[in-house]
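Accompanying notes for the structure given below.
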Amino acid sequence: MALLRTLSHQPVTSKNMSERPKAADLRSKKAEHHTHGPQELSRIVTDFKTGRCYCRGKLLGKGGFAKCYEFSDLVTGKVYAAKIIPHTRVSKPHQRAKIDKEIELHRALHHKHIVHFYHHFEDKDHIYILLEYCSRRSLAHILKARKVLTEPEVRYYLRQIVAGLKYLHEQEILHRDLKLGNFFITELMELKLGDFGLAAKLEPVESRRRTICGTPNYLPPEVLNKQGHGRESDVWALGCVMYTMLLGRPPFETTNLKETYRCIREARYTLPSTLSTPAQDLISGMLARNPQQRPLLDSILSHDFFTQGFTPARLSISCCVSSPNFQRSPRQSFFRKAAAAIFGGKRDKEKYYHTLKLSKEEDIHRLQNDLKRITIGTPPVTDTATGVRHSAPPRPPPTPPPPHEVRDSIHMIVRGALGTSCNSSEGVEDGTMASVVDGVARVLRDCLENMPEAESIPKKKVGSTFLWVTKWVDYSNKYGFGYQLSDHTVGVLFNNGTHMSLLPDRKTVHYSAELGNCCVLSSKEAKEPFLGQVTILEYFAHYMEENLMDGGNLSKVTDVSKPCLYLLQWLKSDRALMMLFNNGTFQVNFYHDHTKIILCCEAQEYLLSYINEERVSTTVRLSALINNGCSAHLRERMHYAYNMLMQLCT
Ligand code: ADP
């Protein structure tokens, strides 16, 4: 267990993709309940000008005027971070003017490292500002968990901050409140500069305002001395940010404010010798008392601190909670060997070493892009007798999507399929796989098109014993996608396109290289070429057993008489994980509210299970759903699930 957990590239799991409501979320939900006052925030919000409806999700944080929530567009499923400001909080003209200014300024900004401003609207009680959703919160949250960051990480973040800030200064805008909490981090660990509440147009020195309304976190001496705020003042804040990331505390922190201000005015702070010489030098340049002596943004990037040290191209998500290891450890070499065993032949082995090299250099993003390029639904077929890959008969054309579906709204992150190696970008047609996708799509589409509107799920519930995924772990940046079924079978769909299941007896292994083909092995007696894969399968099983919690209260069954079930395809978007099995079982897990939809066929009848935010499941016959309808909440999720499924046809 420890082996998987301590690897530098921590896998994305059903746990860290917010499968479990965090204590803080629960706390904030409670707080929310008490502080909403007269204008109760509704769950579904409509922008009457555009007609778009949004579903309000969890609280992301609170600011000066606003509360920030996850917001998803009910039609497209796109998730935003929505700042919601009650009109009562900005009732004074100067308060309203401040918000208007922030909106006007932010909406004109377009840069890779600036939080994107999507839209703004109002209703009678609130102002809504829809921003790019940064799911990994901010650098302040990361530093809180980490205490200090390594120099390569600091270079990684600072480069992006400088890029965003350079753009801002080119637009003649000063941020004036650069701090860790305003550097937002996306799902892919990219940094985005945000919060333009104190930002202002750059004025010539003589007409600069001498004060700022609001309290910037890292006040520079010239602002304390009422000489106004210039580009150099943002560089000062950057120096404070760099210092804080490397040492875990800000440079000017004393027990009383008067003393802190004196230290700032004199630019008096300590630089511990634990910092590298280039880091010390760069910080002291940025924290020069005289603004004119601070480096320009371009010279920051050409400083020795950047040119003489390694900057990772990407950071692993494990860096949110633990220090990265940029050197390969003996454990990694073990996995290197195990992985080489999986990939067999010399050429494939070389390709796999290349893959490992990429991940070692933290270039996971490139790897994920490679995975994205896999042609799903058109995997290569291997002749099991000869081992030769050849084309299967052309598959039937995919069923056309319903007119109202919005396929572009699925923002795919990563996917994998049985029979498709992550190393091969070309694929051939496979009619069998397509017929599974088609069958499920048809059933879902029929339901969506014919189901009437209703308040809730039909009363008539059914008991069932079908298998569903209770835990999952995405380790496709190295090995593959693992999951545990409700009967405790553990499956892994490896990046090389093969699948292995470890049955509940923890001895029997089922191996499949393509749909409809399954051979049985004993885990204890596994030999080459299966040994590496079996070892990894066992680690996945151990990892999930030890680290992950079940995803809902749906019944757990152990019925050995069931035919073998294995994952055909999986796909992750920015909102949900989709899994499709060989028997047509189709499951979609939504990350943000932990809801799940499972569609399966049992005794010639389709059943749909819905696991709600409280992890409580309801199973109904699909025919009952078609006759009686369901809530808008479930319908929207079914719609999104259908759209995800349709991605398999692209
Ligand atoms: P303030 O201006 O007081 O920092 P904001 O209203 O900008 O507050 O944001 C409040 C909180 O909402 C932030 O601290 C952060 O936790 C969260 N938040 C803001 N913007 C985003 C975003 N784009 N993505 C994710 N979370 C965000």
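In the structure tokens, the first chain shown is A, the next is B, and so on; residue numbers restart at 1 for each chain, and ligands run from 1 in the order shown.
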
> Using only C-alpha atoms and all ligand atoms, what are the residues with an atom within 6 Å of ligand 1, set out as a list in words?
Replying inline: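 Written in the requested form, the residues are Leu60, Gly61, Lys62, Gly63, Gly64, Ala66, Lys67, Cys68, Ala81, Lys83, Leu131, Glu132, Tyr133, Cys134, Ser135, Arg137 and Asp195 of chain A.
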
Mind dumping a table of every region 446-536 of chain A residue within 12 Å of region 571-594 of chain A, with the nearest atom pair and its distance in Å to one decimal, using only C-alpha atoms, sorted by chain and rising number, as JSON lines?
{"residue": "A:Phe466", "atom": "CA", "partner": "A:Thr585", "partner_atom": "CA", "distance": 8.8}
{"residue": "A:Leu467", "atom": "CA", "partner": "A:Thr585", "partner_atom": "CA", "distance": 8.3}
{"residue": "A:Trp468", "atom": "CA", "partner": "A:Gln587", "partner_atom": "CA", "distance": 7.4}
{"residue": "A:Val469", "atom": "CA", "partner": "A:Gln587", "partner_atom": "CA", "distance": 7.6}
{"residue": "A:Thr470", "atom": "CA", "partner": "A:Asn589", "partner_atom": "CA", "distance": 10.1}
{"residue": "A:Lys471", "atom": "CA", "partner": "A:Asn589", "partner_atom": "CA", "distance": 10.4}
{"residue": "A:Trp472", "atom": "CA", "partner": "A:Leu577", "partner_atom": "CA", "distance": 9.7}
{"residue": "A:Val473", "atom": "CA", "partner": "A:Leu577", "partner_atom": "CA", "distance": 10.8}
{"residue": "A:Asp474", "atom": "CA", "partner": "A:Lys572", "partner_atom": "CA", "distance": 9.4}
{"residue": "A:Ser476", "atom": "CA", "partner": "A:Lys572", "partner_atom": "CA", "distance": 11.1}
{"residue": "A:Phe481", "atom": "CA", "partner": "A:Leu571", "partner_atom": "CA", "distance": 10.0}
{"residue": "A:Gly482", "atom": "CA", "partner": "A:Met579", "partner_atom": "CA", "distance": 11.1}
{"residue": "A:Tyr483", "atom": "CA", "partner": "A:Met579", "partner_atom": "CA", "distance": 9.9}
{"residue": "A:Leu485", "atom": "CA", "partner": "A:Phe581", "partner_atom": "CA", "distance": 11.3}
{"residue": "A:Gly491", "atom": "CA", "partner": "A:Phe581", "partner_atom": "CA", "distance": 11.1}
{"residue": "A:Leu493", "atom": "CA", "partner": "A:Met579", "partner_atom": "CA", "distance": 11.0}
{"residue": "A:His499", "atom": "CA", "partner": "A:Asn582", "partner_atom": "CA", "distance": 11.4}
{"residue": "A:Ser512", "atom": "CA", "partner": "A:Asn582", "partner_atom": "CA", "distance": 10.9}
{"residue": "A:Glu514", "atom": "CA", "partner": "A:Asn582", "partner_atom": "CA", "distance": 10.1}
{"residue": "A:Leu515", "atom": "CA", "partner": "A:Asn582", "partner_atom": "CA", "distance": 7.0}
{"residue": "A:Gly516", "atom": "CA", "partner": "A:Asn582", "partner_atom": "CA", "distance": 8.0}
{"residue": "A:Asn517", "atom": "CA", "partner": "A:Asn582", "partner_atom": "CA", "distance": 10.6}
{"residue": "A:Cys518", "atom": "CA", "partner": "A:Asn582", "partner_atom": "CA", "distance": 11.3}

> Using the chain letters and numbers from this document, which residues of region 51-284 of chain A does DSSP assign to strand (DSSP E or B), as a ChimeraX atom specification?
Replying inline: /A:52-62,67-73,79-86,114,117-122,126-132,138,173-174,183-185,191-193,200-201

Would you export the selected residues with N, CA and C atoms as a compact mmCIF listing (two decimals), in the first residue's frame, please?
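Here's the written file part26.txt:
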# COMPACT_ATOMS: atom_id res chain seq x y z
N ARG A 52 -30.49 31.44 -19.66
CA ARG A 52 -29.70 30.32 -19.15
C ARG A 52 -29.98 30.06 -17.68
N CYS A 53 -29.99 28.76 -17.33
CA CYS A 53 -30.22 28.39 -15.93
C CYS A 53 -28.96 27.76 -15.38
N TYR A 54 -28.70 28.02 -14.13
CA TYR A 54 -27.51 27.49 -13.48
C TYR A 54 -27.91 26.79 -12.19
N CYS A 55 -27.13 25.76 -11.86
CA CYS A 55 -27.36 25.06 -10.60
C CYS A 55 -26.23 25.47 -9.66
N ARG A 56 -26.62 25.97 -8.48
CA ARG A 56 -25.61 26.39 -7.51
C ARG A 56 -25.10 25.17 -6.75
N GLY A 57 -23.80 24.99 -6.76
CA GLY A 57 -23.19 23.84 -6.06
C GLY A 57 -22.58 24.29 -4.75
N LYS A 58 -21.45 23.70 -4.42
CA LYS A 58 -20.89 23.95 -3.08
C LYS A 58 -20.25 25.34 -2.95
N LEU A 59 -20.15 25.78 -1.72
CA LEU A 59 -19.52 27.06 -1.42
C LEU A 59 -18.01 26.91 -1.58
N LEU A 60 -17.40 27.81 -2.35
CA LEU A 60 -15.95 27.71 -2.57
C LEU A 60 -15.18 28.60 -1.60
N GLY A 61 -15.78 29.70 -1.22
CA GLY A 61 -15.09 30.59 -0.29
C GLY A 61 -15.87 31.87 -0.13
N LYS A 62 -15.39 32.69 0.82
CA LYS A 62 -16.07 33.96 1.06
C LYS A 62 -15.09 35.10 0.88
N LYS A 67 -19.86 35.82 -1.83
CA LYS A 67 -19.61 34.41 -1.54
C LYS A 67 -19.39 33.77 -2.90
N CYS A 68 -18.51 32.80 -2.95
CA CYS A 68 -18.19 32.20 -4.23
C CYS A 68 -18.66 30.74 -4.22
N TYR A 69 -19.46 30.37 -5.23
CA TYR A 69 -20.02 29.02 -5.31
C TYR A 69 -19.63 28.33 -6.61
N GLU A 70 -19.65 27.02 -6.59
CA GLU A 70 -19.60 26.27 -7.85
C GLU A 70 -20.94 26.49 -8.54
N PHE A 71 -20.92 26.75 -9.83
CA PHE A 71 -22.14 27.04 -10.57
C PHE A 71 -22.08 26.21 -11.83
N SER A 72 -23.12 25.42 -12.15
CA SER A 72 -23.03 24.72 -13.42
C SER A 72 -24.20 25.08 -14.32
N ASP A 73 -23.88 25.27 -15.57
CA ASP A 73 -24.88 25.60 -16.56
C ASP A 73 -25.73 24.35 -16.78
N VAL A 79 -18.88 24.10 -15.72
CA VAL A 79 -18.81 24.54 -14.32
C VAL A 79 -18.07 25.88 -14.23
N TYR A 80 -18.61 26.79 -13.44
CA TYR A 80 -17.99 28.10 -13.22
C TYR A 80 -17.78 28.30 -11.73
N ALA A 81 -16.94 29.28 -11.40
CA ALA A 81 -16.90 29.78 -10.02
C ALA A 81 -17.73 31.04 -10.06
N ALA A 82 -18.81 31.08 -9.30
CA ALA A 82 -19.69 32.26 -9.36
C ALA A 82 -19.56 33.07 -8.09
N LYS A 83 -19.18 34.33 -8.26
CA LYS A 83 -19.15 35.25 -7.12
C LYS A 83 -20.56 35.80 -7.01
N ILE A 84 -21.17 35.65 -5.86
CA ILE A 84 -22.55 36.13 -5.71
C ILE A 84 -22.57 37.23 -4.64
N ILE A 85 -23.04 38.38 -5.04
CA ILE A 85 -23.04 39.53 -4.13
C ILE A 85 -24.47 39.99 -3.91
N PRO A 86 -24.95 39.95 -2.66
CA PRO A 86 -26.31 40.47 -2.43
C PRO A 86 -26.33 41.98 -2.65
N ILE A 114 -4.65 34.53 -16.39
CA ILE A 114 -5.60 35.39 -15.65
C ILE A 114 -6.92 34.64 -15.60
N PHE A 117 -12.97 35.78 -17.14
CA PHE A 117 -14.27 36.35 -16.78
C PHE A 117 -15.26 35.93 -17.87
N TYR A 118 -16.28 35.16 -17.51
CA TYR A 118 -17.21 34.68 -18.53
C TYR A 118 -18.43 35.58 -18.72
N HIS A 119 -19.04 35.92 -17.59
CA HIS A 119 -20.35 36.54 -17.74
C HIS A 119 -20.74 37.21 -16.43
N HIS A 120 -21.66 38.16 -16.53
CA HIS A 120 -22.16 38.81 -15.32
C HIS A 120 -23.63 39.10 -15.52
N PHE A 121 -24.44 38.85 -14.51
CA PHE A 121 -25.85 39.22 -14.59
C PHE A 121 -26.39 39.49 -13.18
N GLU A 122 -27.60 40.00 -13.14
CA GLU A 122 -28.18 40.35 -11.85
C GLU A 122 -29.63 39.89 -11.79
N HIS A 126 -29.48 39.67 -6.17
CA HIS A 126 -28.03 39.42 -6.23
C HIS A 126 -27.38 39.85 -7.53
N ILE A 127 -26.06 40.03 -7.42
CA ILE A 127 -25.22 40.22 -8.61
C ILE A 127 -24.43 38.92 -8.76
N TYR A 128 -24.34 38.40 -9.97
CA TYR A 128 -23.62 37.14 -10.21
C TYR A 128 -22.46 37.40 -11.17
N ILE A 129 -21.27 36.94 -10.79
CA ILE A 129 -20.11 37.08 -11.69
C ILE A 129 -19.58 35.68 -11.95
N LEU A 130 -19.62 35.25 -13.22
CA LEU A 130 -19.21 33.87 -13.55
C LEU A 130 -17.76 33.85 -14.03
N LEU A 131 -16.93 33.15 -13.27
CA LEU A 131 -15.49 33.12 -13.55
C LEU A 131 -15.03 31.71 -13.88
N GLU A 132 -13.86 31.62 -14.46
CA GLU A 132 -13.22 30.33 -14.72
C GLU A 132 -13.08 29.58 -13.38
N SER A 138 -6.40 27.87 -4.20
CA SER A 138 -5.35 28.87 -4.44
C SER A 138 -4.01 28.42 -3.87
N ILE A 173 -2.61 48.20 -16.23
CA ILE A 173 -3.40 47.91 -15.03
C ILE A 173 -2.47 47.42 -13.94
N LEU A 174 -2.69 47.93 -12.73
CA LEU A 174 -1.92 47.44 -11.58
C LEU A 174 -2.83 46.52 -10.79
N PHE A 183 -3.82 33.79 -6.25
CA PHE A 183 -3.27 32.97 -7.32
C PHE A 183 -4.03 31.65 -7.32
N PHE A 184 -4.95 31.53 -8.26
CA PHE A 184 -5.85 30.37 -8.29
C PHE A 184 -5.22 29.24 -9.10
N ILE A 185 -5.56 28.01 -8.74
CA ILE A 185 -4.93 26.84 -9.37
C ILE A 185 -6.02 25.97 -10.01
N LEU A 191 -1.62 28.06 -13.03
CA LEU A 191 -1.91 29.19 -12.13
C LEU A 191 -2.62 30.32 -12.89
N LYS A 192 -3.61 30.92 -12.23
CA LYS A 192 -4.37 32.02 -12.83
C LYS A 192 -4.45 33.16 -11.80
N LEU A 193 -4.08 34.32 -12.23
CA LEU A 193 -4.17 35.51 -11.39
C LEU A 193 -5.62 35.95 -11.31
N ALA A 200 -6.33 48.77 -10.46
CA ALA A 200 -6.61 50.13 -10.95
C ALA A 200 -5.78 50.41 -12.19
N LYS A 201 -6.26 51.34 -12.97
CA LYS A 201 -5.51 51.81 -14.14
C LYS A 201 -4.25 52.52 -13.67

>> Using only C-alpha atoms, which protein or nucleic acid residues come within 7 Å of region 97-105 of chain A? Drop anything in the same chain fewer than 4 positions from it, and give the result as an MDAnalysis selection string.
In response: chainID A and resid 93 196:197

Output for the residues just chosen: N, CA and C atoms as an mmCIF file, in the first residue's frame:
data_model
loop_
_atom_site.group_PDB
_atom_site.id
_atom_site.type_symbol
_atom_site.label_atom_id
_atom_site.label_comp_id
_atom_site.auth_asym_id
_atom_site.auth_seq_id
_atom_site.Cartn_x
_atom_site.Cartn_y
_atom_site.Cartn_z
ATOM 1 N N PRO A 93 -23.577 53.866 -2.782
ATOM 2 C CA PRO A 93 -23.092 54.124 -4.150
ATOM 3 C C PRO A 93 -21.612 53.792 -4.340
ATOM 4 N N PHE A 196 -9.706 41.137 -8.860
ATOM 5 C CA PHE A 196 -9.293 42.471 -9.300
ATOM 6 C C PHE A 196 -9.999 43.565 -8.509
ATOM 7 N N GLY A 197 -10.340 43.222 -7.264
ATOM 8 C CA GLY A 197 -11.074 44.141 -6.392
ATOM 9 C C GLY A 197 -10.294 45.402 -6.074
#

>> I'd like the neighbourhood of region 610-624 of chain A as a ChimeraX atom specification, where a residue qualifies if any of its atoms comes within 6 Å (using only C-alpha atoms), though same-chain residues fewer than 2 positions away should be ignored.
In response: /A:461-462,552-554,593-597,606-608,626-628

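Comparing the minimum interatomic distances between Val45 (chain A) and each of A:Lys124, A:His488, A:Lys179, A:Arg265, counting only C-alpha atoms, we find that A:Lys124 sits nearest.
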
> Which polymer residues have any atom within 12 Å of an atom of Leu224 (chain A), counting only C-alpha atoms, with same-chain residues fewer than 4 positions away left out, as a PyMOL selection string?
Replying inline: chain A and resi 210-212+215-216+218-220+228-229+233+258+260-267+289

> Distance CA of His116 (chain A)-CA of Val235 (chain A), one decimal place?
Replying inline: 22.6 Å

> Which residue gives the smallest distance to His111 (chain A) among A:Arg176, A:Lys166, A:His510, A:Arg637, with only C-alpha atoms counted?
Replying inline: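 The shortest atom-to-atom distance to His111 (chain A) comes from A:Lys166.
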